[in-house]
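Colleague: One structure follows; several queries about it will come next.
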Amino acid sequence: MRQGPAAAQHTQRPPSAAPADFARDRDWSRAELDRLWARGREFLGVEHAIMGGAMTWVSERRLVAAISDAGGFGVIASGSMSPDLLDAEITATAALTRRPFGVNLITMHPQLLELIDVCAAHRIGHVVLAGGLPGAAAIQRIRAGGGRAVCFAPALVIARKLVRMSVDAIVIEGSEAGGHIGPVSTAVLAQEVLPHVTEVPVFVAGGIGRGEAILSYLEMGAAGVQLGTRFVCAYESVAHPRFKQAFIRASARDAVPSVQLDARFPVIPVRGLANPATERFRAVQREVIDRFNRGELSQKEAQLEIEHFWAGALRRAVIEGDIEGGSLMAGQSVGLVSREQSTAEIIAELLDQALSAIAGREGRRRGAAAVLSASPGRLDAAG
Ligand SMILES: Cc1cc2nc3c(=O)[nH]c(=O)nc-3n(C[C@H](O)[C@H](O)[C@H](O)COP(=O)(O)O)c2cc1C
């Protein structure tokens, strides 16, 4: 077990516990946690089965390397990168960490197969396909190149379909997450998918901000977890200080899905912090729909105008710090982000919370067992 100084700093010892007992309990709890996420650790080749959810503009070399160095699994967000840019980003990330990391590719990228080849050339072990159901060709190309294909399943039927398509692991991401979201909450998706999909490891994402939540999904059968929002305010994240401040100030209820005004003009739901841009998006939709109703725009033109609204908006917010006019993608767990911290500290804190929860439960179990063995007649009397 590797525990850095940051982990020790977070460790809370119950006042009554003697140091030797405490150390023994901690080792026991860690062994239990390792048992619970063994499949995820083995699959990713890491110490802690915590994936850093790829976040466009945020998940670049520094944050990715920091998450992997802290024992998690960093994932580069390739967004709209060209194959050359991705090649350079992977090279730069590999120069910062010797630990494994993955790459997230967007399925509708016009050069998807070339991007997969770039990953194969770098021997990237895990490629995450996001942004829609991937085609069989992409999955096969990843596997033929020696990588493992990880895909998102927004429902049990899709998880089953992906298993039939030979994916190596699945991420289920609930609507609490930041960025593009589906309609179903993490808690419900987990109940729908985890008991039934055992062929491949399943990672749970969306709304996870503390170690107790990690533990509960592992106990439900998850192989590991994926967190995005919690890492945005890491020191190693390149997000603009104003973007980070917006996260630190926000509470869970500020992270809301984008609003669609008219079923004829679908808006892909994106969860982010409400700001003047989200208000303007409503106004723009209203105006475009009026122009369509007056016959001034075709349906296609109107749809394009609506979709164009957010073009470049995430970059403006994350990189330039335009928190009024940009897109502040964030999950509901933003309410649990209270300060800037090192990535190692964030991961140590999550671990500590999970370990304390295990130790607390074991303590209660031992207490109950002691009471029962001290007065064996109690149960008979009660019965
Ligand atoms: C700012 C931001 C950008 C994101 N960009 C991407 C992306 O490019 N690709 C992707 O698959 N997921 C993206 N996500 C989702 C994350 O990878 C991750 O699954 C999600 O944040 C997990 O939920 P959480 O935010 O509640 O931790 C993004 C999330 C945020 C907050």
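Letters A, B, ... go to the chains of the structure tokens in the order shown; residues in each chain start at 1; ligands are counted from 1 in the same order.
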Enumerate as a PyMOL selection string the residues within 8 Å of ligand 1, counting only C-alpha atoms and all ligand atoms.

Modeller: chain A and resi 52-58+77-79+104-106+128-131+173-174+176-180+205-209+226-230+232+272+314+318+328-334

Colleague: Using only C-alpha atoms, what does the table of stretch 167-238 of chain A residues within 7 Å of stretch 152-158 of chain A look like, with each row giving the shortest atom pair and its distance in Å to one decimal, sorted by chain and ascending number, as a Markdown table?

Modeller:
| residue | atom | partner | partner_atom | distance |
| --- | --- | --- | --- | --- |
| A:Ile170 | CA | A:Phe152 | CA | 5.7 |
| A:Val171 | CA | A:Phe152 | CA | 4.7 |
| A:Ile172 | CA | A:Ala153 | CA | 5.3 |
| A:Glu173 | CA | A:Pro154 | CA | 6.7 |
| A:Gly182 | CA | A:Pro154 | CA | 6.5 |
| A:Leu189 | CA | A:Ala155 | CA | 6.8 |
| A:Glu192 | CA | A:Leu156 | CA | 6.3 |
| A:Val193 | CA | A:Leu156 | CA | 5.3 |

Colleague: For the residues selected in the previous step, produce a file with N, CA and C atoms as a compact mmCIF listing (two decimals), in the first residue's frame.

Modeller:
# COMPACT_ATOMS: atom_id res chain seq x y z
N ILE A 170 -17.19 -0.82 -19.27
CA ILE A 170 -18.31 0.11 -19.48
C ILE A 170 -18.27 1.17 -18.40
N VAL A 171 -18.63 2.39 -18.79
CA VAL A 171 -18.84 3.46 -17.81
C VAL A 171 -20.33 3.78 -17.83
N ILE A 172 -20.95 3.78 -16.66
CA ILE A 172 -22.33 4.27 -16.59
C ILE A 172 -22.27 5.63 -15.92
N GLU A 173 -22.84 6.61 -16.60
CA GLU A 173 -22.74 7.99 -16.09
C GLU A 173 -24.14 8.55 -15.93
N GLY A 182 -27.23 12.09 -19.83
CA GLY A 182 -28.46 11.39 -20.18
C GLY A 182 -29.53 11.75 -19.16
N LEU A 189 -29.28 4.28 -12.51
CA LEU A 189 -28.49 3.53 -13.52
C LEU A 189 -27.69 2.42 -12.85
N GLU A 192 -29.82 -0.39 -12.12
CA GLU A 192 -30.30 -1.04 -13.34
C GLU A 192 -29.20 -1.90 -13.97
N VAL A 193 -27.96 -1.41 -13.92
CA VAL A 193 -26.90 -2.07 -14.70
C VAL A 193 -26.02 -3.00 -13.84

Colleague: So that I can check the secondary structure, give me every residue of stretch 30-245 of chain A assigned alpha helix (DSSP H) by backbone DSSP, as a PyMOL selection string.

Modeller: chain A and resi 30-36+38-44+61-69+83-96+112-121+136-144+156-164+186-193+211-219+241-245

Colleague: Counting only C-alpha atoms, figure out which residue out of A:Ala120, A:Ala213, A:Val167, A:Leu273 gets nearest to A:Ala252.

Modeller: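 So, comparing all the options, the nearest one is A:Leu273.
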
Colleague: Using only C-alpha atoms, which protein or nucleic acid residues come within 10 Å of A:Ala277? Drop anything in the same chain fewer than 5 positions from it, and give the result as a PDB file with C-alpha atoms, in the first residue's frame.

Modeller:
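The new file part_1.pdb reads:
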ATOM      1  CA  ARG A 282     -32.938  30.634 -24.012  1.00  0.00           C
ATOM      2  CA  ALA A 283     -33.374  34.021 -25.682  1.00  0.00           C
ATOM      3  CA  PHE A 309     -24.509  28.998 -29.855  1.00  0.00           C
ATOM      4  CA  TRP A 310     -22.157  26.984 -27.654  1.00  0.00           C
ATOM      5  CA  ALA A 313     -17.882  28.306 -25.262  1.00  0.00           C
ATOM      6  CA  ILE A 323     -17.387  32.861 -16.864  1.00  0.00           C
ATOM      7  CA  GLU A 324     -20.243  35.108 -18.028  1.00  0.00           C
ATOM      8  CA  GLY A 325     -20.225  34.247 -21.719  1.00  0.00           C
ATOM      9  CA  GLY A 326     -18.634  30.794 -21.698  1.00  0.00           C
ATOM     10  CA  SER A 327     -19.874  27.344 -20.796  1.00  0.00           C
ATOM     11  CA  LEU A 328     -19.298  26.361 -17.163  1.00  0.00           C
TER      12      LEU A 328
END

Colleague: Identify, on the basis of only C-alpha atoms, every residue whose closest approach to A:Glu305 does not exceed 10 Å; exclude the query and any residue fewer than 5 positions from it along the same chain; express the result as a ChimeraX atom specification.

Modeller: /A:284-285,288,297,299-300,310

Colleague: Report as a ChimeraX atom specification all protein, DNA and RNA residues lying within 10 Å of stretch 24-41 of chain A, evaluated on only C-alpha atoms, omitting residues in the same chain fewer than 6 positions from it.

Modeller: /A:1,11,13,17-18,47-51,71-73,169,200-203,214-215,217-225,351-352,354-363

Colleague: Next, write the just-selected residues to a file, as a PDB file, in the first residue's frame, keeping C-alpha atoms as the atom set.

Modeller:
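Done, and the output landed in out.pdb:
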ATOM      1  CA  MET A   1       0.000   0.000   0.000  1.00  0.00           C
ATOM      2  CA  THR A  11      -6.454  10.438   8.335  1.00  0.00           C
ATOM      3  CA  ARG A  13      -8.102   8.628  14.217  1.00  0.00           C
ATOM      4  CA  ALA A  17      -8.345   4.141  19.363  1.00  0.00           C
ATOM      5  CA  ALA A  18      -4.805   3.260  20.360  1.00  0.00           C
ATOM      6  CA  GLU A  47      -3.480   1.434  -7.167  1.00  0.00           C
ATOM      7  CA  HIS A  48      -6.901   3.068  -6.823  1.00  0.00           C
ATOM      8  CA  ALA A  49      -9.668   2.288  -9.313  1.00  0.00           C
ATOM      9  CA  ILE A  50     -10.499   5.972  -9.725  1.00  0.00           C
ATOM     10  CA  MET A  51     -10.599   7.238 -13.290  1.00  0.00           C
ATOM     11  CA  GLY A  71      -2.416   6.265  -8.071  1.00  0.00           C
ATOM     12  CA  GLY A  72      -5.583   6.935 -10.091  1.00  0.00           C
ATOM     13  CA  PHE A  73      -6.052   6.699 -13.838  1.00  0.00           C
ATOM     14  CA  ALA A 169     -15.302  -2.123 -19.919  1.00  0.00           C
ATOM     15  CA  VAL A 200     -16.875  -6.737 -18.096  1.00  0.00           C
ATOM     16  CA  PRO A 201     -15.840  -4.238 -15.412  1.00  0.00           C
ATOM     17  CA  VAL A 202     -18.337  -1.414 -14.938  1.00  0.00           C
ATOM     18  CA  PHE A 203     -17.211   2.013 -13.703  1.00  0.00           C
ATOM     19  CA  ILE A 214     -17.306   5.435  -4.015  1.00  0.00           C
ATOM     20  CA  LEU A 215     -17.593   2.677  -1.423  1.00  0.00           C
ATOM     21  CA  TYR A 217     -21.051   1.877  -5.668  1.00  0.00           C
ATOM     22  CA  LEU A 218     -18.230  -0.646  -5.214  1.00  0.00           C
ATOM     23  CA  GLU A 219     -20.427  -2.586  -2.811  1.00  0.00           C
ATOM     24  CA  MET A 220     -23.150  -2.607  -5.442  1.00  0.00           C
ATOM     25  CA  GLY A 221     -20.736  -4.310  -7.829  1.00  0.00           C
ATOM     26  CA  ALA A 222     -18.877  -1.482  -9.577  1.00  0.00           C
ATOM     27  CA  ALA A 223     -15.264  -2.213 -10.512  1.00  0.00           C
ATOM     28  CA  GLY A 224     -14.320   1.409  -9.942  1.00  0.00           C
ATOM     29  CA  VAL A 225     -15.481   4.973 -10.392  1.00  0.00           C
ATOM     30  CA  LEU A 351      -9.569   7.214   0.027  1.00  0.00           C
ATOM     31  CA  ASP A 352      -9.645   8.350   3.617  1.00  0.00           C
ATOM     32  CA  ALA A 354     -13.903   5.346   2.027  1.00  0.00           C
ATOM     33  CA  LEU A 355     -11.545   3.750   4.552  1.00  0.00           C
ATOM     34  CA  SER A 356     -13.181   5.531   7.500  1.00  0.00           C
ATOM     35  CA  ALA A 357     -16.588   4.327   6.341  1.00  0.00           C
ATOM     36  CA  ILE A 358     -15.329   0.737   6.192  1.00  0.00           C
ATOM     37  CA  ALA A 359     -13.648   1.028   9.597  1.00  0.00           C
ATOM     38  CA  GLY A 360     -16.746   2.591  11.152  1.00  0.00           C
ATOM     39  CA  ARG A 361     -18.942  -0.209   9.915  1.00  0.00           C
ATOM     40  CA  GLU A 362     -16.499  -2.869  11.083  1.00  0.00           C
ATOM     41  CA  GLY A 363     -16.324  -1.178  14.498  1.00  0.00           C
TER      42      GLY A 363
END

Colleague: Please list as an NGL selection string every residue within 10 Å of A:Val267, counting only C-alpha atoms and excluding residues in the same chain fewer than 3 positions away.

Modeller: :A and (258-264 or 270 or 285 or 303 or 306-307)

Colleague: Please save C-alpha atoms of the selected residues as an mmCIF file, in the first residue's frame.

Modeller:
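Produced file out-v7.cif, reproduced below:
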data_model
loop_
_atom_site.group_PDB
_atom_site.id
_atom_site.type_symbol
_atom_site.label_atom_id
_atom_site.label_comp_id
_atom_site.auth_asym_id
_atom_site.auth_seq_id
_atom_site.Cartn_x
_atom_site.Cartn_y
_atom_site.Cartn_z
ATOM 1 C CA SER A 258 -29.347 23.167 -20.533
ATOM 2 C CA VAL A 259 -32.942 23.905 -21.473
ATOM 3 C CA GLN A 260 -34.662 22.948 -24.718
ATOM 4 C CA LEU A 261 -37.578 25.228 -25.667
ATOM 5 C CA ASP A 262 -39.116 23.360 -28.588
ATOM 6 C CA ALA A 263 -39.223 19.620 -29.321
ATOM 7 C CA ARG A 264 -38.707 20.391 -33.031
ATOM 8 C CA VAL A 270 -25.394 19.609 -20.890
ATOM 9 C CA GLN A 285 -33.601 29.745 -29.050
ATOM 10 C CA GLN A 303 -31.167 23.915 -35.777
ATOM 11 C CA ILE A 306 -29.101 26.847 -32.029
ATOM 12 C CA GLU A 307 -26.253 24.327 -32.056
#

Colleague: Please compute the atom CA of A:Val204-atom CA of A:Thr186 distance, one decimal, in Å.

Modeller: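 About the pair atom CA of A:Val204 and atom CA of A:Thr186: they are 7.5 Å apart.
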
Colleague: So that I can check the secondary structure, give me every residue of stretch 178-347 of chain A assigned strand (DSSP E or B) by backbone DSSP, as a ChimeraX atom specification.

Modeller: /A:179-180,202-205,224-227,234,255-257,270-273,329,341

Colleague: Which is closest to A:Thr198 among A:Ala66, A:Val184, A:Val337, A:Ala159, if we use only C-alpha atoms?

Modeller: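 Among A:Ala66, A:Val184, A:Val337, A:Ala159, it is A:Ala159 that comes nearest to A:Thr198.
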
Colleague: Which residues, written as a ChimeraX atom specification, have at least one atom at most 8 Å from A:Val118, with only C-alpha atoms counted and residues fewer than 3 positions away on the same chain left out?

Modeller: /A:83,86-87,114-115,121-122

Colleague: Those selected residues, please, written with C-alpha atoms and delivered as a compact mmCIF listing (two decimals), in the first residue's frame.

Modeller:
# COMPACT_ATOMS: atom_id res chain seq x y z
CA PRO A 83 -4.29 13.37 -34.88
CA LEU A 86 -3.24 14.21 -29.93
CA ASP A 87 0.12 12.69 -30.81
CA GLU A 114 -6.81 7.96 -37.30
CA LEU A 115 -6.99 9.08 -33.67
CA ALA A 121 1.22 3.87 -31.99
CA HIS A 122 1.78 5.14 -28.43

Colleague: Would you work out the distance separating atom CA of A:Thr97 from atom CA of A:Glu320, expressed in Å to one decimal?

Modeller: 26.8 Å
